[in-house]
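K.L.:
Pasting my_file28.pdb below, which is PDB, C-alpha atoms, pLDDT in the B column.
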MODEL        1
ATOM      1  CA  MET Z1316     -53.294  67.410   4.727  1.00 45.00           C
ATOM      2  CA  ARG Z1317     -49.821  66.000   4.974  1.00 46.00           C
ATOM      3  CA  THR Z1318     -48.964  62.488   3.758  1.00 48.00           C
ATOM      4  CA  LEU Z1319     -45.937  60.383   4.538  1.00 42.00           C
ATOM      5  CA  PRO Z1320     -43.795  59.005   1.767  1.00 49.00           C
ATOM      6  CA  PRO Z1321     -44.319  55.220   1.310  1.00 45.00           C
ATOM      7  CA  LEU Z1322     -40.916  54.334   2.785  1.00 43.00           C
ATOM      8  CA  ALA Z1323     -41.516  56.407   5.932  1.00 42.00           C
ATOM      9  CA  LEU Z1324     -44.988  54.872   6.305  1.00 37.00           C
ATOM     10  CA  ALA Z1325     -43.510  51.348   6.058  1.00 40.00           C
ATOM     11  CA  ALA Z1326     -40.844  52.209   8.673  1.00 42.00           C
ATOM     12  CA  ALA Z1327     -43.457  53.640  11.066  1.00 41.00           C
ATOM     13  CA  LEU Z1328     -45.655  50.563  10.628  1.00 36.00           C
ATOM     14  CA  ALA Z1329     -42.712  48.203  11.222  1.00 40.00           C
ATOM     15  CA  GLY Z1330     -41.747  50.136  14.384  1.00 43.00           C
ATOM     16  CA  THR Z1331     -45.293  49.920  15.705  1.00 39.00           C
ATOM     17  CA  LEU Z1332     -45.412  46.177  15.076  1.00 35.00           C
ATOM     18  CA  LEU Z1333     -42.048  45.715  16.752  1.00 36.00           C
ATOM     19  CA  LEU Z1334     -43.201  47.578  19.859  1.00 36.00           C
ATOM     20  CA  THR Z1335     -46.458  45.600  19.925  1.00 35.00           C
ATOM     21  CA  ALA Z1336     -44.503  42.325  19.697  1.00 40.00           C
ATOM     22  CA  CYS Z1337     -42.623  43.340  22.849  1.00 39.00           C
ATOM     23  CA  ASP Z1338     -45.854  43.691  24.794  1.00 39.00           C
ATOM     24  CA  ASP Z1339     -45.972  41.064  27.561  1.00 40.00           C
ATOM     25  CA  ASP Z1340     -49.619  40.074  27.568  1.00 40.00           C
ATOM     26  CA  GLY Z1341     -48.876  36.798  29.358  1.00 41.00           C
ATOM     27  CA  ALA Z1342     -47.787  34.932  26.251  1.00 41.00           C
ATOM     28  CA  GLY Z1343     -44.102  34.244  26.583  1.00 41.00           C
ATOM     29  CA  ALA Z1344     -41.523  32.297  24.689  1.00 41.00           C
ATOM     30  CA  ASP Z1345     -42.497  29.123  26.594  1.00 39.00           C
ATOM     31  CA  ASP Z1346     -46.088  29.481  25.403  1.00 41.00           C
ATOM     32  CA  VAL Z1347     -44.947  29.715  21.793  1.00 38.00           C
ATOM     33  CA  LYS Z1348     -42.541  26.792  22.248  1.00 35.00           C
ATOM     34  CA  ASN Z1349     -45.307  24.632  23.780  1.00 36.00           C
ATOM     35  CA  ALA Z1350     -48.067  25.681  21.403  1.00 38.00           C
ATOM     36  CA  ASP Z1351     -47.758  22.488  19.377  1.00 40.00           C
ATOM     37  CA  ARG Z1352     -47.581  20.265  22.480  1.00 36.00           C
ATOM     38  CA  PRO Z1353     -50.881  18.485  23.228  1.00 50.00           C
ATOM     39  CA  ALA Z1354     -52.802  19.227  26.403  1.00 55.00           C
ATOM     40  CA  THR Z1355     -52.067  16.925  29.324  1.00 70.00           C
ATOM     41  CA  SER Z1356     -52.326  13.392  28.022  1.00 89.00           C
ATOM     42  CA  ALA Z1357     -53.953  10.334  29.530  1.00 91.00           C
ATOM     43  CA  CYS Z1358     -51.901   8.543  32.157  1.00 94.00           C
ATOM     44  CA  ALA Z1359     -50.132   5.399  30.979  1.00 93.00           C
ATOM     45  CA  LEU Z1360     -49.948   2.319  33.173  1.00 93.00           C
ATOM     46  CA  GLY Z1361     -46.314   1.820  32.144  1.00 93.00           C
ATOM     47  CA  ASP Z1362     -45.456   5.142  33.821  1.00 94.00           C
ATOM     48  CA  MET Z1363     -47.077   4.131  37.097  1.00 96.00           C
ATOM     49  CA  GLY Z1364     -45.732   2.425  40.188  1.00 96.00           C
ATOM     50  CA  VAL Z1365     -48.427   0.061  41.511  1.00 97.00           C
ATOM     51  CA  GLN Z1366     -49.025  -0.960  45.130  1.00 97.00           C
ATOM     52  CA  ILE Z1367     -51.853  -3.205  46.326  1.00 97.00           C
ATOM     53  CA  GLY Z1368     -53.356  -3.136  49.806  1.00 96.00           C
ATOM     54  CA  ALA Z1369     -56.281  -5.230  50.952  1.00 95.00           C
ATOM     55  CA  GLY Z1370     -58.824  -5.350  53.700  1.00 95.00           C
ATOM     56  CA  ALA Z1371     -59.909  -8.890  52.855  1.00 94.00           C
ATOM     57  CA  ALA Z1372     -63.384 -10.013  53.882  1.00 96.00           C
ATOM     58  CA  PRO Z1373     -62.883 -12.680  56.574  1.00 95.00           C
ATOM     59  CA  ALA Z1374     -66.013 -14.758  55.870  1.00 96.00           C
ATOM     60  CA  ALA Z1375     -68.849 -15.264  53.396  1.00 96.00           C
ATOM     61  CA  GLY Z1376     -71.264 -12.331  53.507  1.00 96.00           C
ATOM     62  CA  ASP Z1377     -68.589  -9.867  54.676  1.00 98.00           C
ATOM     63  CA  THR Z1378     -67.436  -6.891  52.630  1.00 98.00           C
ATOM     64  CA  GLY Z1379     -63.803  -6.601  51.622  1.00 98.00           C
ATOM     65  CA  THR Z1380     -61.715  -4.019  49.823  1.00 98.00           C
ATOM     66  CA  VAL Z1381     -58.663  -4.040  47.599  1.00 98.00           C
ATOM     67  CA  THR Z1382     -56.997  -0.654  47.223  1.00 97.00           C
ATOM     68  CA  VAL Z1383     -54.695   0.053  44.303  1.00 97.00           C
ATOM     69  CA  THR Z1384     -52.293   2.967  44.767  1.00 97.00           C
ATOM     70  CA  LEU Z1385     -50.622   4.444  41.695  1.00 97.00           C
ATOM     71  CA  THR Z1386     -47.547   6.691  41.693  1.00 97.00           C
ATOM     72  CA  ASN Z1387     -46.811   8.641  38.515  1.00 97.00           C
ATOM     73  CA  LYS Z1388     -43.194   8.131  37.452  1.00 96.00           C
ATOM     74  CA  GLY Z1389     -43.644   9.867  34.081  1.00 94.00           C
ATOM     75  CA  ALA Z1390     -44.671  13.283  32.822  1.00 95.00           C
ATOM     76  CA  GLN Z1391     -47.787  15.073  34.051  1.00 96.00           C
ATOM     77  CA  CYS Z1392     -50.910  13.236  32.942  1.00 95.00           C
ATOM     78  CA  THR Z1393     -54.658  13.178  33.538  1.00 95.00           C
ATOM     79  CA  LEU Z1394     -57.078  10.442  34.564  1.00 95.00           C
ATOM     80  CA  LYS Z1395     -60.556  11.056  33.139  1.00 95.00           C
ATOM     81  CA  GLY Z1396     -63.068   8.373  34.043  1.00 94.00           C
ATOM     82  CA  PHE Z1397     -63.016   5.190  36.077  1.00 96.00           C
ATOM     83  CA  PRO Z1398     -60.451   2.423  36.078  1.00 96.00           C
ATOM     84  CA  GLY Z1399     -61.546  -0.620  34.072  1.00 95.00           C
ATOM     85  CA  VAL Z1400     -61.562  -3.646  36.394  1.00 96.00           C
ATOM     86  CA  ASP Z1401     -62.161  -7.303  35.512  1.00 96.00           C
ATOM     87  CA  LEU Z1402     -62.375 -10.258  37.900  1.00 97.00           C
ATOM     88  CA  MET Z1403     -61.218 -13.526  36.346  1.00 96.00           C
ATOM     89  CA  ALA Z1404     -62.217 -17.024  37.410  1.00 93.00           C
ATOM     90  CA  ASP Z1405     -61.008 -20.241  35.785  1.00 87.00           C
ATOM     91  CA  ASP Z1406     -63.826 -20.250  33.224  1.00 84.00           C
ATOM     92  CA  SER Z1407     -65.198 -16.703  33.140  1.00 88.00           C
ATOM     93  CA  THR Z1408     -64.408 -13.021  33.429  1.00 91.00           C
ATOM     94  CA  THR Z1409     -66.730 -10.344  34.749  1.00 93.00           C
ATOM     95  CA  SER Z1410     -66.328  -6.577  34.562  1.00 94.00           C
ATOM     96  CA  VAL Z1411     -66.719  -4.556  37.743  1.00 96.00           C
ATOM     97  CA  SER Z1412     -69.058  -1.549  37.577  1.00 95.00           C
ATOM     98  CA  PRO Z1413     -68.298   1.854  39.108  1.00 96.00           C
ATOM     99  CA  ASP Z1414     -69.816   2.674  42.499  1.00 93.00           C
ATOM    100  CA  GLU Z1415     -73.464   3.668  42.055  1.00 90.00           C
ATOM    101  CA  GLY Z1416     -74.170   7.380  41.991  1.00 89.00           C
ATOM    102  CA  VAL Z1417     -70.502   8.378  41.767  1.00 89.00           C
ATOM    103  CA  LYS Z1418     -69.322  10.668  38.973  1.00 92.00           C
ATOM    104  CA  ALA Z1419     -65.733  10.390  37.837  1.00 90.00           C
ATOM    105  CA  GLN Z1420     -63.776  13.606  38.356  1.00 91.00           C
ATOM    106  CA  PRO Z1421     -60.719  14.352  36.180  1.00 94.00           C
ATOM    107  CA  LEU Z1422     -57.505  14.117  38.177  1.00 95.00           C
ATOM    108  CA  THR Z1423     -54.162  15.504  36.997  1.00 95.00           C
ATOM    109  CA  LEU Z1424     -51.022  13.844  38.348  1.00 95.00           C
ATOM    110  CA  GLY Z1425     -47.630  15.484  38.212  1.00 95.00           C
ATOM    111  CA  LYS Z1426     -44.446  13.443  38.331  1.00 95.00           C
ATOM    112  CA  GLY Z1427     -44.373  11.722  41.742  1.00 95.00           C
ATOM    113  CA  GLY Z1428     -48.102  12.331  42.282  1.00 96.00           C
ATOM    114  CA  THR Z1429     -50.195   9.520  43.730  1.00 97.00           C
ATOM    115  CA  THR Z1430     -53.780   8.415  43.477  1.00 97.00           C
ATOM    116  CA  SER Z1431     -55.745   5.346  44.476  1.00 97.00           C
ATOM    117  CA  PHE Z1432     -58.958   3.514  43.718  1.00 97.00           C
ATOM    118  CA  THR Z1433     -60.746   0.792  45.629  1.00 97.00           C
ATOM    119  CA  ILE Z1434     -62.449  -2.404  44.559  1.00 98.00           C
ATOM    120  CA  THR Z1435     -65.177  -3.296  47.068  1.00 98.00           C
ATOM    121  CA  TYR Z1436     -66.613  -6.814  47.019  1.00 98.00           C
ATOM    122  CA  LEU Z1437     -68.949  -9.119  48.934  1.00 97.00           C
ATOM    123  CA  ARG Z1438     -67.254 -12.363  49.868  1.00 97.00           C
ATOM    124  CA  GLY Z1439     -69.032 -15.454  48.601  1.00 96.00           C
ATOM    125  CA  GLU Z1440     -69.289 -18.923  50.063  1.00 95.00           C
ATOM    126  CA  THR Z1441     -66.409 -21.151  48.972  1.00 94.00           C
ATOM    127  CA  GLY Z1442     -67.439 -23.697  46.338  1.00 92.00           C
ATOM    128  CA  SER Z1443     -70.985 -22.372  46.020  1.00 92.00           C
ATOM    129  CA  PRO Z1444     -72.557 -21.868  42.569  1.00 90.00           C
ATOM    130  CA  LYS Z1445     -73.672 -18.499  44.006  1.00 92.00           C
ATOM    131  CA  SER Z1446     -70.011 -17.418  44.152  1.00 93.00           C
ATOM    132  CA  LEU Z1447     -67.404 -16.547  41.551  1.00 94.00           C
ATOM    133  CA  PRO Z1448     -64.071 -18.286  42.298  1.00 95.00           C
ATOM    134  CA  VAL Z1449     -61.895 -15.294  41.369  1.00 96.00           C
ATOM    135  CA  ARG Z1450     -58.220 -16.154  40.730  1.00 97.00           C
ATOM    136  CA  LYS Z1451     -56.981 -12.878  39.257  1.00 97.00           C
ATOM    137  CA  ALA Z1452     -58.046  -9.277  38.819  1.00 97.00           C
ATOM    138  CA  SER Z1453     -56.880  -6.859  36.146  1.00 96.00           C
ATOM    139  CA  PHE Z1454     -57.248  -3.145  35.660  1.00 97.00           C
ATOM    140  CA  THR Z1455     -56.650  -0.542  32.986  1.00 96.00           C
ATOM    141  CA  LEU Z1456     -56.546   3.232  33.152  1.00 96.00           C
ATOM    142  CA  PRO Z1457     -59.127   5.343  31.318  1.00 93.00           C
ATOM    143  CA  GLY Z1458     -57.938   6.517  27.925  1.00 81.00           C
ATOM    144  CA  ALA Z1459     -54.952   4.160  27.971  1.00 78.00           C
ATOM    145  CA  THR Z1460     -54.345   1.835  25.071  1.00 72.00           C
ATOM    146  CA  GLU Z1461     -51.858  -0.529  26.677  1.00 76.00           C
ATOM    147  CA  ASP Z1462     -52.235  -3.885  28.377  1.00 84.00           C
ATOM    148  CA  ALA Z1463     -53.874  -4.294  31.764  1.00 93.00           C
ATOM    149  CA  HIS Z1464     -52.076  -4.745  35.057  1.00 96.00           C
ATOM    150  CA  THR Z1465     -52.928  -8.171  36.491  1.00 96.00           C
ATOM    151  CA  LEU Z1466     -52.777  -9.191  40.128  1.00 95.00           C
ATOM    152  CA  THR Z1467     -53.349 -12.485  41.914  1.00 96.00           C
ATOM    153  CA  TRP Z1468     -56.652 -12.515  43.816  1.00 97.00           C
ATOM    154  CA  SER Z1469     -56.165 -14.133  47.216  1.00 96.00           C
ATOM    155  CA  TYR Z1470     -59.149 -12.568  48.947  1.00 96.00           C
ATOM    156  CA  GLY Z1471     -61.694 -15.376  48.623  1.00 95.00           C
ATOM    157  CA  GLU Z1472     -64.586 -16.025  46.295  1.00 96.00           C
ATOM    158  CA  VAL Z1473     -66.896 -13.164  45.341  1.00 97.00           C
ATOM    159  CA  ALA Z1474     -70.674 -13.433  45.688  1.00 96.00           C
ATOM    160  CA  ARG Z1475     -72.756 -13.158  42.516  1.00 93.00           C
ATOM    161  CA  ARG Z1476     -75.341 -10.367  42.242  1.00 88.00           C
ATOM    162  CA  ASP Z1477     -78.304 -12.543  41.349  1.00 80.00           C
ATOM    163  CA  GLY Z1478     -77.255 -15.393  43.618  1.00 68.00           C
ATOM    164  CA  GLY Z1479     -77.014 -17.888  40.768  1.00 66.00           C
ATOM    165  CA  PRO Z1480     -74.380 -19.257  38.438  1.00 66.00           C
ATOM    166  CA  GLY Z1481     -73.421 -16.954  35.608  1.00 69.00           C
ATOM    167  CA  GLY Z1482     -74.373 -13.781  37.492  1.00 77.00           C
ATOM    168  CA  ALA Z1483     -72.112 -10.747  37.687  1.00 87.00           C
ATOM    169  CA  ALA Z1484     -69.820 -10.364  40.683  1.00 93.00           C
ATOM    170  CA  GLN Z1485     -71.146  -8.379  43.601  1.00 95.00           C
ATOM    171  CA  ALA Z1486     -68.342  -5.833  43.408  1.00 97.00           C
ATOM    172  CA  SER Z1487     -67.784  -2.189  42.495  1.00 97.00           C
ATOM    173  CA  VAL Z1488     -64.883   0.155  41.818  1.00 97.00           C
ATOM    174  CA  SER Z1489     -64.445   3.690  43.143  1.00 96.00           C
ATOM    175  CA  GLY Z1490     -63.216   6.667  41.197  1.00 95.00           C
ATOM    176  CA  PHE Z1491     -59.655   7.919  41.543  1.00 96.00           C
ATOM    177  CA  GLU Z1492     -58.951   9.574  44.887  1.00 92.00           C
ATOM    178  CA  SER Z1493     -56.349  12.275  45.481  1.00 84.00           C
ATOM    179  CA  SER Z1494     -53.505  11.162  47.706  1.00 71.00           C
ATOM    180  CA  GLY Z1495     -50.772  13.033  49.530  1.00 59.00           C
ATOM    181  CA  ASP Z1496     -50.539  16.761  50.162  1.00 50.00           C
TER     182      ASP Z1496
ENDMDL
END
Would you mind writing the file out in structure tokens?
P.N.:
Amino acid sequence: MRTLPPLALAAALAGTLLLTACDDDGAGADDVKNADRPATSACALGDMGVQIGAGAAPAAGDTGTVTVTLTNKGAQCTLKGFPGVDLMADDSTTSVSPDEGVKAQPLTLGKGGTTSFTITYLRGETGSPKSLPVRKASFTLPGATEDAHTLTWSYGEVARRDGGPGGAAQASVSGFESSGD
């Protein structure tokens, strides 16, 4: 049986490793360069353009909608969960629950990508203790740690769920919807 001298064995092993390193198994230089980069991060409100559109409820007992459209002006990011929405009256704040039976689907937005969500509410009777006199609404993005975006609420009072003072607003928020192409 023939054996290779130690130096020849080391050279053969080094050559084999060098050839193996050249193998393109899908891992390229970009993969190595990005290996320490975290997976797509949560979207930040500061990187979003915000547009508000409303289908205001014309009278007490009617349903209205407020649609918030977000355009990503930053790096690719992901929305995982529902937007956090609060309705604020002069003396109270109430959180808006997600639409019943809807599961939030993760949505990845590239730079320039858009998405929207909708706040649906039941208009209350003006001045009634069965209504919440909403003055402002605010929202946050899931996973974000920054301040909320606040908007003036000019869509009328919102009915309370239990019909009495102190009850939660009769409103819900949708999940994020894909927009565009």
K.L.:
For Val1411 of chain Z, which residue out of Z:Ala1463, Z:Gly1442, Z:Ala1452, Z:Thr1429 is the nearest one, using all atoms listed in the file?
P.N.:
Z:Ala1452
K.L.:
Given the file shown, determine the residues that the PyMOL selection byres ((chain Z and resi 1372-1378) around 6) selects; report them as a list in words.
P.N.:
Ala1371, Gly1379, Tyr1436, Leu1437, Arg1438, Gly1439 and Glu1440 of chain Z
K.L.:
Given the file above and the PyMOL selection byres ((chain Z and resi 1405) around 12), which residues are selected, and can you give them as a PDB file with C-alpha atoms, in the frame of the given file?
P.N.:
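So the final result, stored in part_16.pdb, reads:
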ATOM      1  CA  LEU Z1402     -62.375 -10.258  37.900  1.00 97.00           C
ATOM      2  CA  MET Z1403     -61.218 -13.526  36.346  1.00 96.00           C
ATOM      3  CA  ALA Z1404     -62.217 -17.024  37.410  1.00 93.00           C
ATOM      4  CA  ASP Z1406     -63.826 -20.250  33.224  1.00 84.00           C
ATOM      5  CA  SER Z1407     -65.198 -16.703  33.140  1.00 88.00           C
ATOM      6  CA  THR Z1408     -64.408 -13.021  33.429  1.00 91.00           C
ATOM      7  CA  THR Z1409     -66.730 -10.344  34.749  1.00 93.00           C
ATOM      8  CA  LEU Z1447     -67.404 -16.547  41.551  1.00 94.00           C
ATOM      9  CA  PRO Z1448     -64.071 -18.286  42.298  1.00 95.00           C
ATOM     10  CA  VAL Z1449     -61.895 -15.294  41.369  1.00 96.00           C
ATOM     11  CA  ARG Z1450     -58.220 -16.154  40.730  1.00 97.00           C
ATOM     12  CA  LYS Z1451     -56.981 -12.878  39.257  1.00 97.00           C
ATOM     13  CA  ALA Z1452     -58.046  -9.277  38.819  1.00 97.00           C
ATOM     14  CA  TRP Z1468     -56.652 -12.515  43.816  1.00 97.00           C
ATOM     15  CA  GLU Z1472     -64.586 -16.025  46.295  1.00 96.00           C
TER      16      GLU Z1472
END
K.L.:
Given the choices Z:Asp1401, Z:Gly1416, Z:Thr1393, Z:Thr1430, which gets closest to Ser1494 of chain Z if the distance is worked out from all atoms listed in the file?
P.N.:
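Looking at the shortest contact to Ser1494 of chain Z, the residue is Z:Thr1430.
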K.L.:
To one decimal place in Å, what is the distance between atom CA of Pro1398 of chain Z and atom CA of Thr1355 of chain Z?
P.N.:
18.1 Å
K.L.:
Could the centre and edge lengths of an axis-aligned box, enclosing all atoms of segment 1370-1378 of chain Z in the file with 6 Å extra on each side, be given in Å to one decimal as AutoDock Vina command-line options?
P.N.:
--center_x -65.0 --center_y -10.3 --center_z 54.6 --size_x 24.4 --size_y 21.9 --size_z 15.9
K.L.:
With all atoms listed in the file as the atoms that count, which of Z:Ser1356, Z:Thr1423, Z:Gln1366, Z:Ser1412 lies nearest to Val1488 of chain Z?
P.N.:
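Checking each candidate against Val1488 of chain Z, we get Z:Ser1412 as the closest.
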K.L.:
Could you tell me how far atom CA of Ser1443 of chain Z lies from atom CA of Thr1465 of chain Z, in Å and to one decimal?
P.N.:
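Answer for the atom CA of Ser1443 of chain Z to atom CA of Thr1465 of chain Z separation: 24.9 Å.
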K.L.:
What's the separation between atom CA of Pro1444 of chain Z and atom CA of Ala1369 of chain Z, in Å to one decimal place?
P.N.:
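Separation between atom CA of Pro1444 of chain Z and atom CA of Ala1369 of chain Z: 24.7 Å.
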K.L.:
Of the candidates Z:Ile1367, Z:Ala1419, Z:His1464, Z:Gln1485, which one gets nearest to Gly1396 of chain Z if we count only C-alpha atoms?
P.N.:
Z:Ala1419
K.L.:
Give as number ranges by chain each residue that has an atom at most 10 Å from (-55.1, 8.1, 31.6) in the file, counting only C-alpha atoms.
P.N.:
Z: 1355-1360, 1392-1398, 1421-1424, 1455-1460
K.L.:
Between Z:Gly1389, Z:Gly1370, Z:Gly1361, Z:Gly1399, single out the one closest to Gly1490 of chain Z, counting only C-alpha atoms.
P.N.:
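Closest residue, counting only C-alpha atoms: Z:Gly1399.
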K.L.:
Might you pull out every residue within 10 Å of Asp1362 of chain Z, with only C-alpha atoms counted and same-chain residues fewer than 5 positions away left off, and present them as an NGL selection string?
P.N.:
:Z and (1385-1390 or 1392 or 1426)
K.L.:
Run the PyMOL selection byres ((chain Z and resi 1492) around 6) mentally over the shown coordinates, then write out the matched residues as a ChimeraX atom specification, using the chain letters and numbers from the document.
P.N.:
/Z:1430-1431,1491,1493
K.L.:
Excluding Ser1489 of chain Z and residues on its chain fewer than 4 positions from it, collect all residues at most 6 Å away from it, counting all atoms listed in the file, and give them as number ranges by chain.
P.N.:
Z: 1413-1414, 1432-1433
